[in-house]
Amino acid sequence: MKDPSRREFLRGSAGAMLGASAFRGVFDNGHDGGGVVSPLHHRPRAKRVVFLCMAGGPSQLETLDYKPKLAAMDGKPMPASFTAGQPIAQLQGHKLRCLGPQAKFRRCGDSGQEISDYLPFLQGIADRICIVRSLKTTQINHDPAHTVMNTGTSISGRPSMGSWVQYALGSESSSLPGFVVMSSVGGRNPQPIAARQWAAGFLPSRFQGVEFYSHGDPVHYVTNSAGVGDAEQDDVVATIRALDRLEYERSRDPETLSRIAQYELARRMQDSIPELMNFADEPEHVRALYGVDRADGSFAANCLVARRLLERGVRFVQLYHRGWDHHGGLNKFMGVCSRLCDRPSAALVADLAQRGMLEDTLVVWGGEFGRTPMFQGNKGGAGRDHHIAGFSMWLAGGGVQGGLTHGATDELGYHAVEDVVEVHDLHATILYTLGIDHERLTIRAQGRDHRLTDVHGHVVHPILE
Amino acid sequence: MIPPVSRSRVVAALAVLTAAPIAAQRVSFSREIRPLLSDRCFLCHGPDASSREADLRLDRRADALEVLSPGIPDESELLRRVGASDPDERMPPTDAHRRPVSTEELGLLRRWIDQGAPYEGHWAYRPVVRPQVPAHEAARGPIDAFLGAAQAAASVRPMPLADDVTLVRRLSIDLCGLPPTPEDVATFVEDRRPDRYERLVDRLLASPRHAERMAVHWLDLVRFADTVGYHGDQEHHISPYRDYVLRAFRDNLPFDRFTREQLAGDLLPNPTVEQRTASGYNRVLQTSHEGGVQPKEYLAKYASDRVRNLGAVWLGATTGCAECHDHKFDPISQRDFYALAAFFADIEEKGDFKGAPNSSPTVRKPEIDVVTELDRERGGEPKPRRTMVTMARAEPRTVRVLPRGNWLDDSGEIVQPAAPHFLPQIRTEGRRADRLDLAAWLTSADNPLTARVFVNRIWNMLFGRGLSKVLDDLGAQGEPPTHPELLEWLAVEFIESGWDVRALLRRIVLSDAYRRASSADADSRDPDNRLFARQTRVRWPAEVVRDSALAISGLLVHRFGGPSVKPYQPAGYYAHLNFPKRRYKRDKGEALYRRSVYVHWQRQFLHPVLRAFDAPTREECVAKRVVSNSPAAALALLNAPEFVECARVFAARALREGGEDASSRVAWLWRQALSRDPSEEECELALDLVERHQVRYRDDPDAAAKLVATGAFAPAEGLDVAEHAAWTSVARVVLNLDEGLRRR
């Protein structure tokens with residue numbers, strides 16, 4: 001190869017050599033749009049989703065589901081008619097007594113939605129959110145309950161909803177992964193959380209959630225090795241590309257082109273991700289809204305990173321805050337968690353709204369389950385045990401009606417009794433807002449067609465605009 | 001993402017491949033009709049009574065005759081309904097969300113009914129019977145005769161055999177998971193003896209490296225991992241079980257014994273330590289240390305997990321569906337599910353671990369302290385290791401059918417251990433069947449599934465595609481084999497050889513089919529390579545990617561067996577673990593350079609390099625790994641310290657051993673990594689990079705010093721640092737090339 005122009009040609013940018021047409025196929029299989037649901041099943045309301053995962057299971061009775069009758073029953077035995085035959089977690093074998101609400105509630109906004117004083121910032125956006133008080137799940141321990149909330153089943157190995165959404169819709173970003181997960185630091189002793197919660201299961205692993213970190217590399221191996229500058233890295237990647245192209249000229253194997261494209265994407269991620277984690281370009285009033293200055297791993301910082309991700313075309317973001325498991329010390333720890341999470345959650349909604357992004361961004365807030373109306377007396381004062389028969393979440397944006405309360409639990413807050421929303425229904429609704437019919441989004445694996453909603457799920461139409 | 005090939009397209013492709021006039025061709029119920037009925041009809045008209053519509057079932061001929069008039073397609077209600085133009089009439093109905101029956105499929109159904117609408121038992125449940133080997137000229141042996149006959153019938157010419165270098169690379173990595181050294185390549189290429197290929201095969205099969213490669217596959221199946229999987233994901237004691245698996249493959253333990261010792265080693269008379277260690281198979285499932293766990297619920301979860309794994313590993317059956325209801329597509333009833341669960345009801349274990357401290361490793365009694373055979377072989381004074389084993393309770397737990405899988409519901413029938421009702425039964429003359437009976441049943445000559453499942457997976461390992469494509473489901477929703485007689489023949493040979501795994505591997509790799517050249521120019525008539533007229537190009541598994549880099553650079557440390565090792569891992573990766581909090585403490589010295597089969601397997605947070613290359617978390621059985629091509633893999637290979645360390649050590653060797661001039665060093669790198677010399681063009685690209693980076697690194701000696709100090713391996717002495725750094729860049733390039741990551 002004495003011809004320098006050929007060398008330049010081989011080392012030059014990918015598109016230049018292969019032409020747009022040769023590369024379209026690669027990107028269709030990769031990261032440029034190209035989901036399996038095309039065209040969409042119906043008009044979408046949302047283009048992207050941010051799920052604020054309050055891991056551990058926040059108490060609905062101190063946040064979104066006010067139960068005056070439970071206050072009146074405080075300290076009295078829980079009537080057996082409520083609990084007979086129900087699975088019980090840590091309270092197995094204990095006397096079951098009622099614990100009245102440990103918070104003041106007030107009616108907020110024009111809609112008059114009831115929200116507790118633990119969440120003053122949420123109270124301020126009451127008219128933007130829809131409170132669902134009638135959630136139910138099937139698993140009473142954290143790990144399997146998270147797995148249900150993310151994959152629709154407690155059996156390991158199924159794709160998480162973010163992976164499903166990516167598989168369905170593809171990615172809008174050519175320099176960031178389409179599904180990003182972050183978990184915040186701070187607060188009380190956190191529940192563990194498994195990477196299974198954002199795994200792709202039997203979908204190809206490129207659909208799995210990519211975890212971003214606040215310490216060390218923001219994404220694994222995204223930083224050059226010590227002693228390698230950007231110029232050197234560019235040289236190395238360019239030489240790999242040139243050699244892989246020669247290999248392609250010999251083999252004509254499209255997989256080789258696909259690898260070239262993945263190296264290009266990897267190189268772009270090396271530039272775009274550090275930029276994303278740097279808040280220097282955020283105006284003061286925005287940082288003040290969230291109450292954060294830099295990407296320090298706090299829930300507040302992660303909310304701001306989430307908005308930056310969504311703005312850049314990321315499809316699905318999950319933010320975990322893992323301090324909500326209050327078997328004891330409910331009052332103290334509700335205070336701790338709310339202080340860390342309330343303001344940024346509300347800020348994210350407000351910030352999306354002021355950018356005109358809320359209308360096509362679905363925000364979901366909630367835990368893997370709720371908490372018992374019964375007292376649990378672990379160390380540190382009154383607490384509540386895990387509870388699956390009725391709990392609350394809120395949603396905003398993405399075609400969901402603000403200022404609406406949907407569903408209800410019984411008078412003591414044990415069972416969801418009115419407009420019950422199963423986890424499968426929540427999934428069906430999330431997919432619906434994205435323009436996907438949950439019954440038609442399937443993949444064949446292990447001998448049958450699988451769905452996020454298995455054989456269940458009804459779209460909760462009443463909460464949609 | 002390759003879109004799933006629609007069955008109708010496959011059917012159409014096969015129709016083109018076969019030359020006889022269509023109307024005259026005999027329709028195969030197993031290959032063409034049953035999959036079609038299963039996919040479109042069985043959900044509502046199949047084995048599960050609870051979801052059956054119109055009281056009609058189509059999985060049994062006697063029942064289906066209600067809508068079939070054999071020989072008279074026009075009078076068959078079935079044909080009328082699937083072909084109806086009125087949407088209210090048409091089957092499957094729109095709200096079933098099944099694909100409509102296509103014109104080709106309608107034609108198939110018509111011909112099948114015209115031919116008398118014969119049913120056949122499902123192919124995989126029929127007894128394994130030795131088929132006739134077809135006469136086919138030029139066939140090296142029976143495998144090539146079976147394949148050659150089908151290729152000839154379709155007028156498809158097979159690819160020629162691959163060249164020597166391709167073959168020695170393919171064989172070395174397929175059988176041992178490591179690329180050949182340049183000396184290995186030269187020895188083979190220069191060998192002029194007529195049996196040189198057989199000699200190479202036998203040398204590789206006899207190597208302990210081969211056992212390490214096979215172990216990875218088995219450990220995926222039995223979901224072997226170092227941690228409990230649920231909630232706090234604490235470590236548990238199990239690594240001696242891996243030694244058992246390694247030794248079994250090294251010593252070519254017959255597969256029936258291998259099966260027996262894992263399922264029931266503890267029940268053998270006077271079990272050896274090895275056999276008790278093997279019974280750790282029953283304990284390596286996911287368990288939970290979570291505080292609020294209800295013991296009864298978790299015992300039910302563990303029972304189901306074991307049935308799913310047994311079904312997937314040995315029976316190629318998706319039993320999981322039958323935990324809550326009769327299987328929708330296969331004849332597995334809910335009762336069958338719990339009768340299988342009853343085999344494991346004697347396993348001593350606790351549903352929860354209350355009272356035990358939140359420790360890692362956690363305590364999962366029963367456990368024993370063992371010195372494994374491999375520990376002993378290494379000599380010295382081996383330290384005993386703790387490992388979970390199976391111990392039988394005097395009184396097995398009562399097992400009931402759980403209505404809808406609900407563990408709170410005690411109203412279901414009590415069941416005894418038994419084989420699924422539609423398969424040959426276990427006879428015990430009234431004695432309660434135990435795990436030994438189960439193992440004997442799995443590997444008896446009249447069990448139709450075990451041998452078929454196993455040989456199909458070995459075929460997949462060597463061709464990148466199974467004879468039946470769906471490796472974990474040989475049921476109705478799987479794919480009938482492309483070459484049923486060949487699969488049958490291999491299964492018979494496997495059983496009659498005394499379940500000799502190595503003989504099976506040897507038989508397949510000695511075929512011409514295995515040795516054929518691969519081609520990316522897929523024959524448009526057979527894009528899915530259903531005729532095996534060429535070899536396939538697949539990306540190597542995660543372990544091969546990492547181990548190859550270690551081997552090529554010279555860092556790889558061979559040590560057979562032993563406890564798990566902890567190589568480099570990004571700081572803070574375990575930050576989400578709790579109860580107790582965990583800090584990853586990486587190993588030092590040789591442990592950093594061991595093969596990946598020994599890498600600590602944290603189910604919830606699998607090592608990011610392995611994960612980037614699609615290694616499974618081993619929460620559930622994985623028979624076929626997904627293969628993706630992702631930026632995460634590119635980032636890992638470019639930047640992870642293990643690969644950069646390999647590159648700088650590789651570069652140092654090139655400077656010392658690769659000759660005096662730059663071109664000969666480039667050639668040396670290529671031969672080590674890719675088993676060939678670079679072309680002139682490739683060499684120029686490499687030299688260009690060296691020249692430019694030498695200049696750069698001379699200007700920035702600090703950067704050069706950092707680069708060549710990556711990793712814990714001793715720094716190279718006596719080399720010019722800038723030169724070493726520049727060559728490290730080239731070595732990184734070589735380790736990242738597509739060619740080195742893929743099978744040819």
# chains A, B, ... in the order shown; residues from 1 in each chain; ligands from 1
$ select_by_dssp --residues "range 467-576 of chain B" --states "alpha helix (DSSP H)" --output "ChimeraX atom specification"
/B:484-496,501-509,512-515,542-553
$ write_last_selection --atoms "N, CA and C atoms" --output "short mmCIF file (atom, residue, chain, number, x, y, z; two decimals), in the first residue's frame"
data_model
loop_
_atom_site.label_atom_id
_atom_site.label_comp_id
_atom_site.auth_asym_id
_atom_site.auth_seq_id
_atom_site.Cartn_x
_atom_site.Cartn_y
_atom_site.Cartn_z
N PRO B 484 -33.50 -35.01 11.05
CA PRO B 484 -33.95 -35.85 12.17
C PRO B 484 -33.17 -37.16 12.27
N GLU B 485 -32.83 -37.76 11.11
CA GLU B 485 -32.13 -39.05 11.17
C GLU B 485 -30.71 -38.87 11.70
N LEU B 486 -30.08 -37.77 11.34
CA LEU B 486 -28.72 -37.54 11.83
C LEU B 486 -28.74 -37.34 13.35
N LEU B 487 -29.68 -36.54 13.81
CA LEU B 487 -29.78 -36.33 15.26
C LEU B 487 -30.02 -37.66 15.98
N GLU B 488 -30.88 -38.44 15.36
CA GLU B 488 -31.21 -39.75 15.90
C GLU B 488 -29.97 -40.65 15.94
N TRP B 489 -29.24 -40.63 14.84
CA TRP B 489 -28.05 -41.47 14.74
C TRP B 489 -27.01 -41.08 15.79
N LEU B 490 -26.81 -39.78 15.95
CA LEU B 490 -25.84 -39.31 16.95
C LEU B 490 -26.29 -39.70 18.35
N ALA B 491 -27.60 -39.61 18.61
CA ALA B 491 -28.11 -39.96 19.93
C ALA B 491 -27.90 -41.45 20.21
N VAL B 492 -28.19 -42.27 19.20
CA VAL B 492 -27.98 -43.72 19.37
C VAL B 492 -26.50 -44.01 19.63
N GLU B 493 -25.65 -43.42 18.82
CA GLU B 493 -24.21 -43.64 19.00
C GLU B 493 -23.76 -43.20 20.39
N PHE B 494 -24.30 -42.09 20.83
CA PHE B 494 -23.92 -41.56 22.15
C PHE B 494 -24.32 -42.55 23.24
N ILE B 495 -25.54 -43.02 23.17
CA ILE B 495 -26.00 -43.96 24.19
C ILE B 495 -25.19 -45.25 24.12
N GLU B 496 -25.03 -45.77 22.90
CA GLU B 496 -24.37 -47.07 22.77
C GLU B 496 -22.88 -47.01 23.07
N VAL B 501 -18.77 -38.74 26.04
CA VAL B 501 -18.84 -37.36 25.53
C VAL B 501 -17.70 -37.08 24.55
N ARG B 502 -16.51 -37.56 24.89
CA ARG B 502 -15.37 -37.24 24.04
C ARG B 502 -15.49 -37.93 22.68
N ALA B 503 -16.01 -39.15 22.69
CA ALA B 503 -16.19 -39.86 21.42
C ALA B 503 -17.17 -39.11 20.53
N LEU B 504 -18.19 -38.54 21.16
CA LEU B 504 -19.18 -37.77 20.40
C LEU B 504 -18.53 -36.55 19.76
N LEU B 505 -17.77 -35.81 20.55
CA LEU B 505 -17.09 -34.63 20.03
C LEU B 505 -16.15 -35.02 18.88
N ARG B 506 -15.42 -36.08 19.12
CA ARG B 506 -14.43 -36.53 18.14
C ARG B 506 -15.10 -36.90 16.82
N ARG B 507 -16.19 -37.64 16.94
CA ARG B 507 -16.92 -38.06 15.77
C ARG B 507 -17.35 -36.85 14.92
N ILE B 508 -17.83 -35.83 15.60
CA ILE B 508 -18.34 -34.67 14.85
C ILE B 508 -17.20 -33.85 14.24
N VAL B 509 -16.14 -33.62 15.01
CA VAL B 509 -15.08 -32.76 14.44
C VAL B 509 -14.29 -33.47 13.35
N ASP B 512 -16.32 -34.11 7.52
CA ASP B 512 -16.04 -33.05 6.54
C ASP B 512 -16.89 -31.82 6.83
N ALA B 513 -18.10 -32.07 7.29
CA ALA B 513 -19.00 -30.94 7.54
C ALA B 513 -18.38 -29.95 8.51
N TYR B 514 -17.77 -30.49 9.56
CA TYR B 514 -17.14 -29.60 10.54
C TYR B 514 -15.97 -28.83 9.91
N ARG B 515 -15.29 -29.49 8.98
CA ARG B 515 -14.05 -28.90 8.45
C ARG B 515 -14.29 -27.93 7.30
N ALA B 542 -17.46 -14.88 25.81
CA ALA B 542 -16.72 -13.93 26.66
C ALA B 542 -15.41 -14.54 27.18
N GLU B 543 -15.49 -15.78 27.65
CA GLU B 543 -14.30 -16.40 28.25
C GLU B 543 -13.18 -16.51 27.23
N VAL B 544 -13.55 -16.85 25.99
CA VAL B 544 -12.52 -17.00 24.96
C VAL B 544 -11.89 -15.64 24.65
N VAL B 545 -12.71 -14.60 24.65
CA VAL B 545 -12.17 -13.26 24.35
C VAL B 545 -11.12 -12.88 25.39
N ARG B 546 -11.46 -13.05 26.66
CA ARG B 546 -10.50 -12.67 27.69
C ARG B 546 -9.30 -13.62 27.73
N ASP B 547 -9.57 -14.92 27.67
CA ASP B 547 -8.48 -15.90 27.79
C ASP B 547 -7.52 -15.80 26.60
N SER B 548 -8.05 -15.50 25.43
CA SER B 548 -7.18 -15.38 24.25
C SER B 548 -6.20 -14.23 24.44
N ALA B 549 -6.71 -13.11 24.94
CA ALA B 549 -5.83 -11.96 25.14
C ALA B 549 -4.73 -12.32 26.14
N LEU B 550 -5.11 -13.02 27.20
CA LEU B 550 -4.10 -13.43 28.19
C LEU B 550 -3.10 -14.39 27.56
N ALA B 551 -3.61 -15.32 26.75
CA ALA B 551 -2.72 -16.33 26.15
C ALA B 551 -1.77 -15.70 25.14
N ILE B 552 -2.32 -14.84 24.29
CA ILE B 552 -1.51 -14.24 23.23
C ILE B 552 -0.39 -13.38 23.83
N SER B 553 -0.73 -12.67 24.90
CA SER B 553 0.26 -11.78 25.50
C SER B 553 1.29 -12.56 26.30
#
$ residues_around --residues "range 190-205 of chain A" --least-positions-apart "5" --cutoff "8 Å" --atoms "only C-alpha atoms" --output "PyMOL selection string"
(chain A and resi 55-56+143+146-147+150-151+156-164+167+181+210+322-325+445) or (chain B and resi 1+231-232+576-579+604-605+612+614+626-628+630)
$ write_last_selection --atoms "C-alpha atoms" --output "PDB file, in the first residue's frame"
ATOM      1  CA  ALA A  55     -36.734   1.141  46.434  1.00  0.00           C
ATOM      2  CA  GLY A  56     -37.591  -0.421  49.752  1.00  0.00           C
ATOM      3  CA  ASP A 143     -35.846  -8.682  45.409  1.00  0.00           C
ATOM      4  CA  HIS A 146     -38.529  -5.407  42.154  1.00  0.00           C
ATOM      5  CA  THR A 147     -38.262  -8.149  39.570  1.00  0.00           C
ATOM      6  CA  ASN A 150     -39.443  -4.365  36.220  1.00  0.00           C
ATOM      7  CA  THR A 151     -40.129  -7.532  34.263  1.00  0.00           C
ATOM      8  CA  SER A 156     -35.218 -14.329  36.729  1.00  0.00           C
ATOM      9  CA  GLY A 157     -34.077 -14.007  33.155  1.00  0.00           C
ATOM     10  CA  ARG A 158     -36.875 -11.953  31.604  1.00  0.00           C
ATOM     11  CA  PRO A 159     -36.309  -8.557  29.973  1.00  0.00           C
ATOM     12  CA  SER A 160     -36.914  -5.439  32.026  1.00  0.00           C
ATOM     13  CA  MET A 161     -39.390  -2.836  30.829  1.00  0.00           C
ATOM     14  CA  GLY A 162     -36.657  -0.444  29.733  1.00  0.00           C
ATOM     15  CA  SER A 163     -35.224  -3.199  27.561  1.00  0.00           C
ATOM     16  CA  TRP A 164     -38.639  -3.932  26.119  1.00  0.00           C
ATOM     17  CA  TYR A 167     -36.442  -3.272  21.663  1.00  0.00           C
ATOM     18  CA  VAL A 181     -30.018   3.521  35.206  1.00  0.00           C
ATOM     19  CA  VAL A 210     -26.473   0.905  31.151  1.00  0.00           C
ATOM     20  CA  ARG A 322     -32.889   2.778  48.046  1.00  0.00           C
ATOM     21  CA  GLY A 323     -33.716   4.024  51.525  1.00  0.00           C
ATOM     22  CA  TRP A 324     -37.462   3.437  51.820  1.00  0.00           C
ATOM     23  CA  ASP A 325     -37.633   0.196  53.811  1.00  0.00           C
ATOM     24  CA  ALA A 445     -38.089 -17.394  23.636  1.00  0.00           C
TER      25      ALA A 445
ATOM     26  CA  MET B   1     -30.978  -7.901  15.980  1.00  0.00           C
ATOM     27  CA  HIS B 231     -31.440  -9.840  47.634  1.00  0.00           C
ATOM     28  CA  GLY B 232     -28.051  -9.474  49.386  1.00  0.00           C
ATOM     29  CA  HIS B 576     -25.438  -1.668  45.619  1.00  0.00           C
ATOM     30  CA  LEU B 577     -24.897  -4.861  47.569  1.00  0.00           C
ATOM     31  CA  ASN B 578     -25.806  -4.916  51.220  1.00  0.00           C
ATOM     32  CA  PHE B 579     -26.304  -7.284  54.164  1.00  0.00           C
ATOM     33  CA  GLN B 604     -26.305  -9.829  40.566  1.00  0.00           C
ATOM     34  CA  PHE B 605     -23.178  -8.058  39.397  1.00  0.00           C
ATOM     35  CA  ALA B 612     -20.127  -7.004  27.943  1.00  0.00           C
ATOM     36  CA  ASP B 614     -22.810 -11.724  26.861  1.00  0.00           C
ATOM     37  CA  VAL B 626     -27.235 -14.423  23.235  1.00  0.00           C
ATOM     38  CA  VAL B 627     -24.501 -12.836  21.108  1.00  0.00           C
ATOM     39  CA  SER B 628     -24.572  -9.095  20.735  1.00  0.00           C
ATOM     40  CA  SER B 630     -22.309  -3.591  21.479  1.00  0.00           C
TER      41      SER B 630
END
$ residues_around --residues "Glu682 in chain B" --least-positions-apart "3" --cutoff "10 Å" --atoms "only C-alpha atoms" --output "PyMOL selection string"
(chain A and resi 1+7+239+242-244+246-247) or (chain B and resi 666-667+670+677-679+685-688)
$ write_last_selection --atoms "N, CA and C atoms" --output "compact mmCIF listing (two decimals), in the first residue's frame"
# COMPACT_ATOMS: atom_id res chain seq x y z
N MET A 1 0.85 -1.20 0.00
CA MET A 1 0.00 0.00 0.00
C MET A 1 0.87 1.23 0.00
N ARG A 7 -4.55 5.00 2.17
CA ARG A 7 -4.41 4.91 3.61
C ARG A 7 -5.38 5.87 4.30
N THR A 239 -7.08 3.01 13.42
CA THR A 239 -6.30 1.90 12.85
C THR A 239 -7.11 0.60 12.91
N ALA A 242 -9.52 0.80 10.10
CA ALA A 242 -8.91 0.56 8.79
C ALA A 242 -8.65 -0.93 8.58
N LEU A 243 -8.16 -1.58 9.61
CA LEU A 243 -7.85 -3.01 9.48
C LEU A 243 -9.14 -3.83 9.38
N ASP A 244 -10.14 -3.43 10.14
CA ASP A 244 -11.42 -4.15 10.05
C ASP A 244 -12.04 -3.98 8.66
N LEU A 246 -10.35 -3.70 5.89
CA LEU A 246 -9.65 -4.65 5.01
C LEU A 246 -10.22 -6.04 5.21
N GLU A 247 -10.51 -6.37 6.44
CA GLU A 247 -11.12 -7.67 6.73
C GLU A 247 -12.48 -7.77 6.04
N VAL B 666 5.88 -6.46 13.54
CA VAL B 666 4.45 -6.45 13.19
C VAL B 666 4.02 -7.87 12.78
N ALA B 667 4.85 -8.50 11.97
CA ALA B 667 4.52 -9.86 11.52
C ALA B 667 4.43 -10.81 12.73
N TRP B 670 1.15 -10.36 14.49
CA TRP B 670 0.04 -10.95 13.71
C TRP B 670 0.03 -12.48 13.85
N ASP B 677 0.54 -14.08 8.65
CA ASP B 677 1.34 -12.87 8.43
C ASP B 677 0.42 -11.74 7.98
N PRO B 678 0.80 -10.52 8.30
CA PRO B 678 -0.01 -9.38 7.82
C PRO B 678 0.24 -9.14 6.33
N SER B 679 -0.75 -8.57 5.67
CA SER B 679 -0.52 -8.15 4.29
C SER B 679 0.34 -6.89 4.32
N LEU B 685 -0.18 0.04 7.85
CA LEU B 685 -1.07 0.72 8.81
C LEU B 685 -0.50 0.61 10.22
N ALA B 686 0.02 -0.56 10.56
CA ALA B 686 0.59 -0.76 11.89
C ALA B 686 1.85 0.10 12.06
N LEU B 687 2.70 0.10 11.04
CA LEU B 687 3.95 0.85 11.13
C LEU B 687 3.68 2.35 11.23
N ASP B 688 2.69 2.76 10.52
CA ASP B 688 2.31 4.17 10.55
C ASP B 688 1.94 4.58 11.99
$ residues_around --residues "Leu358 in chain A" --least-positions-apart "6" --cutoff "7 Å" --atoms "only C-alpha atoms" --output "VMD selection string"
chain A and resid 349 352 397 to 398
$ write_last_selection --atoms "C-alpha atoms" --output "mmCIF file, in the first residue's frame"
data_model
loop_
_atom_site.group_PDB
_atom_site.id
_atom_site.type_symbol
_atom_site.label_atom_id
_atom_site.label_comp_id
_atom_site.auth_asym_id
_atom_site.auth_seq_id
_atom_site.Cartn_x
_atom_site.Cartn_y
_atom_site.Cartn_z
ATOM 1 C CA VAL A 349 -41.482 17.518 36.628
ATOM 2 C CA LEU A 352 -39.557 19.167 32.023
ATOM 3 C CA GLY A 397 -46.783 13.968 31.823
ATOM 4 C CA GLY A 398 -46.847 11.708 28.789
#
$ residues_around --residues "range 60-75 of chain B" --least-positions-apart "6" --cutoff "10 Å" --atoms "only C-alpha atoms" --output "ChimeraX atom specification"
/B:45-47,81,109-121
$ write_last_selection --atoms "N, CA and C atoms" --output "PDB file, in the first residue's frame"
ATOM      1  N   HIS B  45     -56.667 -24.443  21.683  1.00  0.00           N
ATOM      2  CA  HIS B  45     -57.137 -25.785  21.308  1.00  0.00           C
ATOM      3  C   HIS B  45     -56.014 -26.800  21.524  1.00  0.00           C
ATOM      4  N   GLY B  46     -55.332 -26.680  22.667  1.00  0.00           N
ATOM      5  CA  GLY B  46     -54.209 -27.570  22.938  1.00  0.00           C
ATOM      6  C   GLY B  46     -54.395 -28.353  24.225  1.00  0.00           C
ATOM      7  N   PRO B  47     -53.285 -28.761  24.827  1.00  0.00           N
ATOM      8  CA  PRO B  47     -53.352 -29.650  25.985  1.00  0.00           C
ATOM      9  C   PRO B  47     -53.956 -29.016  27.248  1.00  0.00           C
ATOM     10  N   ARG B  81     -62.060 -22.753   8.245  1.00  0.00           N
ATOM     11  CA  ARG B  81     -61.953 -21.663   9.216  1.00  0.00           C
ATOM     12  C   ARG B  81     -60.629 -20.901   9.118  1.00  0.00           C
ATOM     13  N   LEU B 109     -51.513 -27.370   4.701  1.00  0.00           N
ATOM     14  CA  LEU B 109     -52.605 -28.017   5.432  1.00  0.00           C
ATOM     15  C   LEU B 109     -53.504 -28.799   4.471  1.00  0.00           C
ATOM     16  N   ARG B 110     -53.760 -28.187   3.315  1.00  0.00           N
ATOM     17  CA  ARG B 110     -54.612 -28.847   2.327  1.00  0.00           C
ATOM     18  C   ARG B 110     -53.990 -30.158   1.869  1.00  0.00           C
ATOM     19  N   ARG B 111     -52.696 -30.112   1.548  1.00  0.00           N
ATOM     20  CA  ARG B 111     -52.020 -31.325   1.072  1.00  0.00           C
ATOM     21  C   ARG B 111     -51.984 -32.381   2.172  1.00  0.00           C
ATOM     22  N   TRP B 112     -51.751 -31.915   3.388  1.00  0.00           N
ATOM     23  CA  TRP B 112     -51.677 -32.859   4.511  1.00  0.00           C
ATOM     24  C   TRP B 112     -53.030 -33.571   4.697  1.00  0.00           C
ATOM     25  N   ILE B 113     -54.104 -32.808   4.645  1.00  0.00           N
ATOM     26  CA  ILE B 113     -55.435 -33.418   4.809  1.00  0.00           C
ATOM     27  C   ILE B 113     -55.707 -34.346   3.626  1.00  0.00           C
ATOM     28  N   ASP B 114     -55.302 -33.880   2.433  1.00  0.00           N
ATOM     29  CA  ASP B 114     -55.469 -34.688   1.236  1.00  0.00           C
ATOM     30  C   ASP B 114     -54.736 -36.026   1.371  1.00  0.00           C
ATOM     31  N   GLN B 115     -53.598 -35.991   2.050  1.00  0.00           N
ATOM     32  CA  GLN B 115     -52.807 -37.216   2.239  1.00  0.00           C
ATOM     33  C   GLN B 115     -53.316 -38.038   3.435  1.00  0.00           C
ATOM     34  N   GLY B 116     -54.451 -37.661   3.971  1.00  0.00           N
ATOM     35  CA  GLY B 116     -55.058 -38.468   5.028  1.00  0.00           C
ATOM     36  C   GLY B 116     -54.914 -37.888   6.429  1.00  0.00           C
ATOM     37  N   ALA B 117     -54.329 -36.695   6.513  1.00  0.00           N
ATOM     38  CA  ALA B 117     -54.162 -36.022   7.804  1.00  0.00           C
ATOM     39  C   ALA B 117     -53.573 -36.944   8.887  1.00  0.00           C
ATOM     40  N   PRO B 118     -52.436 -37.577   8.548  1.00  0.00           N
ATOM     41  CA  PRO B 118     -51.847 -38.454   9.565  1.00  0.00           C
ATOM     42  C   PRO B 118     -51.193 -37.642  10.697  1.00  0.00           C
ATOM     43  N   TYR B 119     -51.289 -38.131  11.909  1.00  0.00           N
ATOM     44  CA  TYR B 119     -50.562 -37.553  13.038  1.00  0.00           C
ATOM     45  C   TYR B 119     -49.352 -38.446  13.312  1.00  0.00           C
ATOM     46  N   GLU B 120     -48.353 -37.859  13.893  1.00  0.00           N
ATOM     47  CA  GLU B 120     -47.225 -38.653  14.392  1.00  0.00           C
ATOM     48  C   GLU B 120     -47.010 -38.202  15.813  1.00  0.00           C
ATOM     49  N   GLY B 121     -46.496 -39.095  16.636  1.00  0.00           N
ATOM     50  CA  GLY B 121     -46.092 -38.674  17.964  1.00  0.00           C
ATOM     51  C   GLY B 121     -45.048 -37.586  17.799  1.00  0.00           C
TER      52      GLY B 121
END
$ residues_around --residues "Arg268 in chain A" --least-positions-apart "5" --cutoff "10 Å" --atoms "only C-alpha atoms" --output "list in words"
Ser174, Ser175, Leu176, Val222, Gln262, Tyr263 and Ile273 of chain A; Pro631 of chain B
$ residues_around --residues "range 391-403 of chain B" --least-positions-apart "4" --cutoff "6 Å" --atoms "only C-alpha atoms" --output "ChimeraX atom specification"
/B:338,342,345-348,412-415
